[in-house]
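Structure file input24.cif (mmCIF, C-alpha atoms) is printed below.
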```cif
data_input
#
loop_
_atom_site.group_PDB
_atom_site.id
_atom_site.type_symbol
_atom_site.label_atom_id
_atom_site.label_comp_id
_atom_site.auth_asym_id
_atom_site.auth_seq_id
_atom_site.Cartn_x
_atom_site.Cartn_y
_atom_site.Cartn_z
ATOM 1 C CA MET R 278 -43.178 -101.375 -38.491
ATOM 2 C CA ARG R 279 -41.234 -104.620 -38.452
ATOM 3 C CA ARG R 280 -39.661 -105.281 -35.077
ATOM 4 C CA GLY R 281 -36.966 -107.685 -34.012
ATOM 5 C CA LEU R 282 -33.883 -108.978 -35.775
ATOM 6 C CA MET R 283 -34.232 -110.092 -39.369
ATOM 7 C CA GLY R 284 -31.529 -112.365 -40.628
ATOM 8 C CA TRP R 285 -30.882 -115.261 -42.939
ATOM 9 C CA ASP R 286 -30.448 -118.559 -41.131
ATOM 10 C CA GLU R 287 -28.830 -120.907 -43.640
ATOM 11 C CA ALA R 288 -29.609 -123.865 -41.382
ATOM 12 C CA GLU R 289 -33.316 -123.155 -41.914
ATOM 13 C CA LEU R 290 -33.088 -121.954 -45.521
ATOM 14 C CA PRO R 291 -29.962 -123.388 -47.160
ATOM 15 C CA SER R 292 -28.416 -121.680 -50.168
ATOM 16 C CA SER R 293 -28.638 -125.061 -51.923
ATOM 17 C CA ALA R 294 -32.455 -124.893 -51.657
ATOM 18 C CA LEU R 295 -32.507 -121.350 -53.041
ATOM 19 C CA SER R 296 -30.160 -122.360 -55.848
ATOM 20 C CA ALA R 297 -32.439 -125.281 -56.761
ATOM 21 C CA ARG R 298 -35.464 -122.948 -56.800
ATOM 22 C CA LEU R 299 -33.622 -120.586 -59.146
ATOM 23 C CA GLU R 300 -32.657 -123.460 -61.458
ATOM 24 C CA ARG R 301 -36.283 -124.657 -61.656
ATOM 25 C CA LEU R 302 -37.457 -121.121 -62.369
ATOM 26 C CA GLN R 303 -34.853 -120.513 -65.078
ATOM 27 C CA ALA R 304 -35.721 -123.843 -66.710
ATOM 28 C CA ALA R 305 -39.373 -122.759 -66.832
ATOM 29 C CA MET R 306 -38.334 -119.383 -68.254
ATOM 30 C CA ALA R 307 -36.448 -121.137 -71.041
ATOM 31 C CA ARG R 308 -39.530 -123.222 -71.885
ATOM 32 C CA GLU R 309 -41.647 -120.041 -72.043
ATOM 33 C CA GLY R 310 -39.099 -118.129 -74.130
ATOM 34 C CA PHE R 311 -38.375 -115.464 -71.505
ATOM 35 C CA ASP R 312 -35.022 -113.688 -71.617
ATOM 36 C CA ALA R 313 -35.585 -112.475 -68.054
ATOM 37 C CA LEU R 314 -38.190 -112.392 -65.304
ATOM 38 C CA LEU R 315 -39.183 -109.464 -63.086
ATOM 39 C CA LEU R 316 -40.648 -109.797 -59.601
ATOM 40 C CA TYR R 317 -41.942 -106.726 -57.766
ATOM 41 C CA THR R 318 -41.801 -106.619 -53.995
ATOM 42 C CA ASN R 319 -42.769 -104.294 -51.175
ATOM 43 C CA LEU R 320 -44.038 -104.518 -47.601
ATOM 44 C CA VAL R 321 -47.339 -106.135 -48.558
ATOM 45 C CA ARG R 322 -46.054 -108.232 -51.477
ATOM 46 C CA PRO R 323 -42.919 -109.946 -50.159
ATOM 47 C CA ALA R 324 -43.691 -113.619 -50.819
ATOM 48 C CA ALA R 325 -42.301 -114.286 -54.314
ATOM 49 C CA VAL R 326 -38.979 -112.505 -53.828
ATOM 50 C CA CYS R 327 -38.630 -113.931 -50.322
ATOM 51 C CA TRP R 328 -39.192 -117.476 -51.629
ATOM 52 C CA LEU R 329 -36.467 -117.014 -54.233
ATOM 53 C CA THR R 330 -33.884 -115.057 -52.213
ATOM 54 C CA GLY R 331 -34.891 -114.973 -48.544
ATOM 55 C CA PHE R 332 -35.202 -111.157 -48.722
ATOM 56 C CA THR R 333 -38.171 -109.583 -46.940
ATOM 57 C CA PRO R 334 -38.506 -105.870 -47.702
ATOM 58 C CA TYR R 335 -39.908 -103.161 -45.511
ATOM 59 C CA TRP R 336 -41.703 -100.044 -46.748
ATOM 60 C CA ILE R 337 -39.626 -99.419 -49.869
ATOM 61 C CA GLU R 338 -40.375 -101.081 -53.195
ATOM 62 C CA SER R 339 -37.860 -103.187 -55.071
ATOM 63 C CA LEU R 340 -37.599 -105.172 -58.298
ATOM 64 C CA LEU R 341 -35.833 -108.495 -58.634
ATOM 65 C CA LEU R 342 -34.410 -109.267 -62.062
ATOM 66 C CA VAL R 343 -33.933 -112.971 -62.768
ATOM 67 C CA PRO R 344 -31.845 -113.440 -65.925
ATOM 68 C CA ALA R 345 -32.153 -116.451 -68.200
ATOM 69 C CA SER R 346 -28.950 -117.717 -66.597
ATOM 70 C CA GLY R 347 -26.854 -116.547 -63.685
ATOM 71 C CA ALA R 348 -27.687 -114.845 -60.418
ATOM 72 C CA PRO R 349 -30.614 -112.481 -59.760
ATOM 73 C CA MET R 350 -30.110 -108.757 -59.200
ATOM 74 C CA LEU R 351 -32.172 -106.653 -56.792
ATOM 75 C CA ALA R 352 -32.823 -103.012 -57.629
ATOM 76 C CA THR R 353 -34.151 -101.244 -54.560
ATOM 77 C CA ALA R 354 -35.060 -97.744 -53.512
ATOM 78 C CA LEU R 355 -33.533 -98.433 -50.113
ATOM 79 C CA SER R 356 -30.465 -96.319 -49.450
ATOM 80 C CA LYS R 357 -26.917 -97.623 -49.882
ATOM 81 C CA ARG R 358 -26.427 -97.705 -46.130
ATOM 82 C CA VAL R 359 -28.751 -100.709 -45.904
ATOM 83 C CA ALA R 360 -27.167 -102.717 -48.738
ATOM 84 C CA ASP R 361 -24.929 -104.584 -46.296
ATOM 85 C CA TRP R 362 -27.970 -105.384 -44.149
ATOM 86 C CA ILE R 363 -29.829 -106.738 -47.192
ATOM 87 C CA ARG R 364 -26.883 -109.037 -47.895
ATOM 88 C CA THR R 365 -27.181 -110.511 -44.395
ATOM 89 C CA THR R 366 -30.873 -111.259 -44.898
ATOM 90 C CA ALA R 367 -30.866 -112.622 -48.436
ATOM 91 C CA TRP R 368 -29.210 -114.861 -51.005
ATOM 92 C CA LEU R 369 -28.162 -111.987 -53.246
ATOM 93 C CA ASP R 370 -24.793 -111.015 -54.655
ATOM 94 C CA GLU R 371 -25.845 -107.924 -56.585
ATOM 95 C CA ILE R 372 -27.895 -105.124 -55.053
ATOM 96 C CA VAL R 373 -28.404 -101.807 -56.828
ATOM 97 C CA ASN R 374 -29.522 -98.985 -54.551
ATOM 98 C CA THR R 375 -31.233 -96.261 -56.549
ATOM 99 C CA PRO R 376 -34.173 -93.876 -56.267
ATOM 100 C CA LYS R 377 -35.364 -95.286 -59.639
ATOM 101 C CA PRO R 378 -35.333 -99.104 -59.585
ATOM 102 C CA GLY R 379 -37.304 -99.208 -62.853
ATOM 103 C CA THR R 380 -34.590 -97.293 -64.683
ATOM 104 C CA ALA R 381 -31.856 -99.564 -63.288
ATOM 105 C CA ILE R 382 -33.781 -102.639 -64.400
ATOM 106 C CA GLY R 383 -34.528 -101.129 -67.817
ATOM 107 C CA ARG R 384 -30.803 -100.660 -68.410
ATOM 108 C CA ARG R 385 -30.232 -104.355 -67.633
ATOM 109 C CA LEU R 386 -32.942 -105.358 -70.104
ATOM 110 C CA ALA R 387 -30.980 -104.022 -73.079
ATOM 111 C CA GLY R 388 -30.780 -106.850 -75.578
ATOM 112 C CA CYS R 389 -33.762 -108.696 -74.118
ATOM 113 C CA LYS R 390 -36.716 -109.335 -76.407
ATOM 114 C CA ARG R 391 -39.325 -110.979 -74.170
ATOM 115 C CA VAL R 392 -39.448 -110.454 -70.404
ATOM 116 C CA GLY R 393 -41.869 -112.126 -68.032
ATOM 117 C CA VAL R 394 -43.376 -110.163 -65.159
ATOM 118 C CA LEU R 395 -45.044 -111.741 -62.165
ATOM 119 C CA GLU R 396 -48.485 -110.114 -61.817
ATOM 120 C CA LEU R 397 -47.896 -107.724 -64.714
ATOM 121 C CA ASP R 398 -51.239 -105.968 -64.178
ATOM 122 C CA ALA R 399 -50.176 -105.063 -60.621
ATOM 123 C CA LEU R 400 -46.753 -103.663 -61.575
ATOM 124 C CA PRO R 401 -46.705 -100.023 -60.397
ATOM 125 C CA ALA R 402 -47.066 -97.593 -63.303
ATOM 126 C CA GLY R 403 -44.054 -95.526 -62.251
ATOM 127 C CA LEU R 404 -41.729 -98.537 -62.411
ATOM 128 C CA TYR R 405 -43.219 -99.594 -65.740
ATOM 129 C CA ASP R 406 -42.777 -96.115 -67.199
ATOM 130 C CA ASP R 407 -39.163 -95.898 -66.024
ATOM 131 C CA MET R 408 -38.336 -99.310 -67.507
ATOM 132 C CA ILE R 409 -39.974 -98.667 -70.852
ATOM 133 C CA ALA R 410 -38.312 -95.255 -71.153
ATOM 134 C CA VAL R 411 -34.937 -97.020 -71.105
ATOM 135 C CA ALA R 412 -35.911 -100.266 -72.877
ATOM 136 C CA PRO R 413 -38.790 -99.337 -75.233
ATOM 137 C CA LYS R 414 -38.472 -102.408 -77.470
ATOM 138 C CA VAL R 415 -38.807 -105.003 -74.724
ATOM 139 C CA GLU R 416 -42.010 -107.035 -74.789
ATOM 140 C CA LEU R 417 -43.399 -107.543 -71.279
ATOM 141 C CA ALA R 418 -45.615 -110.583 -70.766
ATOM 142 C CA ASP R 419 -47.452 -111.859 -67.712
ATOM 143 C CA ALA R 420 -45.580 -114.783 -66.147
ATOM 144 C CA SER R 421 -47.907 -115.454 -63.228
ATOM 145 C CA ALA R 422 -49.050 -118.917 -64.360
ATOM 146 C CA MET R 423 -45.472 -120.018 -65.025
ATOM 147 C CA PHE R 424 -44.287 -118.771 -61.638
ATOM 148 C CA ALA R 425 -47.233 -120.399 -59.855
ATOM 149 C CA ALA R 426 -46.378 -123.760 -61.436
ATOM 150 C CA VAL R 427 -42.744 -123.487 -60.296
ATOM 151 C CA ARG R 428 -43.741 -122.172 -56.872
ATOM 152 C CA SER R 429 -46.166 -125.047 -56.271
ATOM 153 C CA HIS R 430 -43.225 -127.398 -55.650
ATOM 154 C CA VAL R 431 -42.680 -127.725 -51.884
ATOM 155 C CA ASP R 432 -39.037 -128.534 -51.177
ATOM 156 C CA ASP R 433 -37.592 -129.994 -47.981
ATOM 157 C CA ALA R 434 -36.507 -126.585 -46.638
ATOM 158 C CA GLU R 435 -40.010 -125.176 -47.025
ATOM 159 C CA LEU R 436 -41.609 -128.298 -45.575
ATOM 160 C CA LYS R 437 -39.427 -128.013 -42.472
ATOM 161 C CA LEU R 438 -40.351 -124.341 -42.048
ATOM 162 C CA ILE R 439 -44.056 -125.181 -42.406
ATOM 163 C CA GLU R 440 -43.719 -127.955 -39.848
ATOM 164 C CA LYS R 441 -41.951 -125.579 -37.456
ATOM 165 C CA ALA R 442 -44.687 -122.967 -37.882
ATOM 166 C CA ASP R 443 -47.306 -125.657 -37.324
ATOM 167 C CA ALA R 444 -45.586 -126.840 -34.129
ATOM 168 C CA LEU R 445 -45.490 -123.255 -32.822
ATOM 169 C CA ALA R 446 -49.186 -122.817 -33.612
ATOM 170 C CA VAL R 447 -50.104 -126.109 -31.946
ATOM 171 C CA ALA R 448 -48.100 -125.208 -28.833
ATOM 172 C CA ARG R 449 -49.822 -121.821 -28.706
ATOM 173 C CA GLY R 450 -53.180 -123.492 -29.214
ATOM 174 C CA ARG R 451 -52.527 -125.762 -26.251
ATOM 175 C CA GLN R 452 -51.720 -122.736 -24.116
ATOM 176 C CA GLU R 453 -54.959 -121.070 -25.202
ATOM 177 C CA ASP R 454 -56.912 -124.291 -24.662
ATOM 178 C CA LYS R 455 -55.756 -124.375 -21.068
ATOM 179 C CA ALA R 456 -57.168 -120.894 -20.717
ATOM 180 C CA GLY R 457 -60.526 -122.064 -22.080
ATOM 181 C CA TRP R 458 -59.973 -121.224 -25.774
ATOM 182 C CA ALA R 459 -60.386 -123.579 -28.733
ATOM 183 C CA LYS R 460 -57.325 -125.369 -30.067
ATOM 184 C CA VAL R 461 -55.531 -123.813 -33.019
ATOM 185 C CA ARG R 462 -54.468 -125.763 -36.058
ATOM 186 C CA VAL R 463 -52.624 -124.108 -38.926
ATOM 187 C CA PHE R 464 -52.274 -126.949 -41.423
ATOM 188 C CA ASP R 465 -54.239 -130.174 -41.605
ATOM 189 C CA THR R 466 -52.009 -131.478 -44.349
ATOM 190 C CA VAL R 467 -48.685 -130.421 -45.799
ATOM 191 C CA ALA R 468 -47.754 -131.517 -49.279
ATOM 192 C CA GLY R 469 -50.196 -134.420 -49.026
ATOM 193 C CA GLN R 470 -48.886 -135.633 -45.680
ATOM 194 C CA THR R 471 -51.073 -136.027 -42.635
ATOM 195 C CA PRO R 472 -49.527 -134.598 -39.447
ATOM 196 C CA THR R 473 -48.706 -137.137 -36.753
ATOM 197 C CA HIS R 474 -49.790 -134.935 -33.826
#
```
Would you write the structure of this file as structure tokens?
Amino acid sequence: MRRGLMGWDEAELPSSALSARLERLQAAMAREGFDALLLYTNLVRPAAVCWLTGFTPYWIESLLLVPASGAPMLATALSKRVADWIRTTAWLDEIVNTPKPGTAIGRRLAGCKRVGVLELDALPAGLYDDMIAVAPKVELADASAMFAAVRSHVDDAELKLIEKADALAVARGRQEDKAGWAKVRVFDTVAGQTPTH
């Protein structure tokens, strides 16, 4: 169970950084000929959707639809009562709460020919079946390599978060060292830079 307050701190993760990430991703989608991109997320697979929107799910699965242009849409099995909470934790304007996220996404894919899916082989069968039942003519293609290339860019917002995490780890390591434990070091280098401490 996740404990503590989850929220979006725009000082740490500015909407301008998220907007730039989306623009880079949509430019890559255009080069690959994708009409849309799907990213699956759940408790143990939060990273891709979190990087793009700031949203970190708990327990329930969700699908993020990234159109060729415009804002992403999150279809989630979380109840409507948590939609307002999701908005406080993420850079999302449209959230669809439904017991069948795959069906909701399938309806949005009407008119799409080729849709990329991050880690297509790991997309849950139930979501796949629900999507294809509504959008049987859509071609789904694995977009993992494309996403990895876009994701490999470390922007200033991410670099600052990494540096903050590193500072916390170093401080904790110093506390442990005083107690007779070995020092802890999270990152030796970040984006090709050597830490100064």
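On the file presented, the PyMOL selection byres ((chain R and resi 395) around 7) picks out Leu315, Leu316, Gly393, Val394, Glu396, Leu397, Asp419, Ala420 and Ser421 of chain R.
If you look at atom CA of R:Gln452 and atom CA of R:Ile439, they are 20.0 Å away from each other.
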### Task
Please provide as a list in words all residues within 12 Å of R:Glu287, with the sequence filter that same-chain residues fewer than 5 positions apart are discarded (counting only C-alpha atoms).
Ser292, Ser293, Ala294, Leu295, Thr330, Gly331, Thr365, Thr366, Ala367, Trp368 and Ala434 of chain R
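Rounded to one decimal, atom CA of R:Val326 and atom CA of R:Glu338 lie 11.5 Å from each other.
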### Task
Return as a PyMOL selection string the set of residues that the PyMOL selection byres ((chain R and resi 403) around 10) yields on the displayed structure.
chain R and resi 377-380+400-402+404-408
Please write the residues from the selection above to a file, keeping C-alpha atoms, as a CSV table (one decimal), in the coordinates of the input.
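Below you can see again_21.csv, which holds the result:
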```csv
chain,number,residue,atom,x,y,z
R,377,LYS,CA,-35.4,-95.3,-59.6
R,378,PRO,CA,-35.3,-99.1,-59.6
R,379,GLY,CA,-37.3,-99.2,-62.9
R,380,THR,CA,-34.6,-97.3,-64.7
R,400,LEU,CA,-46.8,-103.7,-61.6
R,401,PRO,CA,-46.7,-100.0,-60.4
R,402,ALA,CA,-47.1,-97.6,-63.3
R,404,LEU,CA,-41.7,-98.5,-62.4
R,405,TYR,CA,-43.2,-99.6,-65.7
R,406,ASP,CA,-42.8,-96.1,-67.2
R,407,ASP,CA,-39.2,-95.9,-66.0
R,408,MET,CA,-38.3,-99.3,-67.5
```
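With distances taken over all atoms listed in the file, R:Leu355 is the one residue among R:Leu386, R:Leu355, R:Ala348, R:Ala305 lying closest to R:Pro334.
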### Message
Suppose a student applies the PyMOL selection byres ((chain R and resi 423) around 12) to this structure; what residues should they get, written as a count of residues only?
### Response
27
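Atom to atom, atom CA of R:Val321 and atom CA of R:Leu341 stand 15.5 Å apart.
For the choices R:Glu300, R:Glu440, R:Glu289, R:Asp312, the atom-to-atom distance to R:Arg385 is smallest for R:Asp312 when using only C-alpha atoms.
Summary of the local environment: counting all atoms listed in the file, residues at most 8 Å from R:Asn374, other than itself and those fewer than 2 positions away along its chain, are Ala352, Thr353, Ala354, Leu355, Ser356, Lys357, Ala360, Ile372, Pro376 and Pro378 of chain R.
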### Query
Using only C-alpha atoms, which of the listed residues (R:Leu299, R:Ala325, R:Ala412, R:Leu438) sits closest to R:Asp286?
R:Leu438
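Compared by their closest atoms to R:Ala410, and using all atoms listed in the file, the residues R:Gly388, R:Gly383, R:Leu436, R:Ser339 rank with R:Gly383 nearest.
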Might I get the box with edges along x, y and z of the file that holds all atoms of stretch 394-400 of chain R listed there, padded by 6 Å on every side, given as centre and edge lengths in Å to one decimal, as lines of an AutoDock Vina configuration file?
```
center_x = -47.3
center_y = -107.7
center_z = -62.9
size_x = 19.9
size_y = 20.1
size_z = 16.5
```
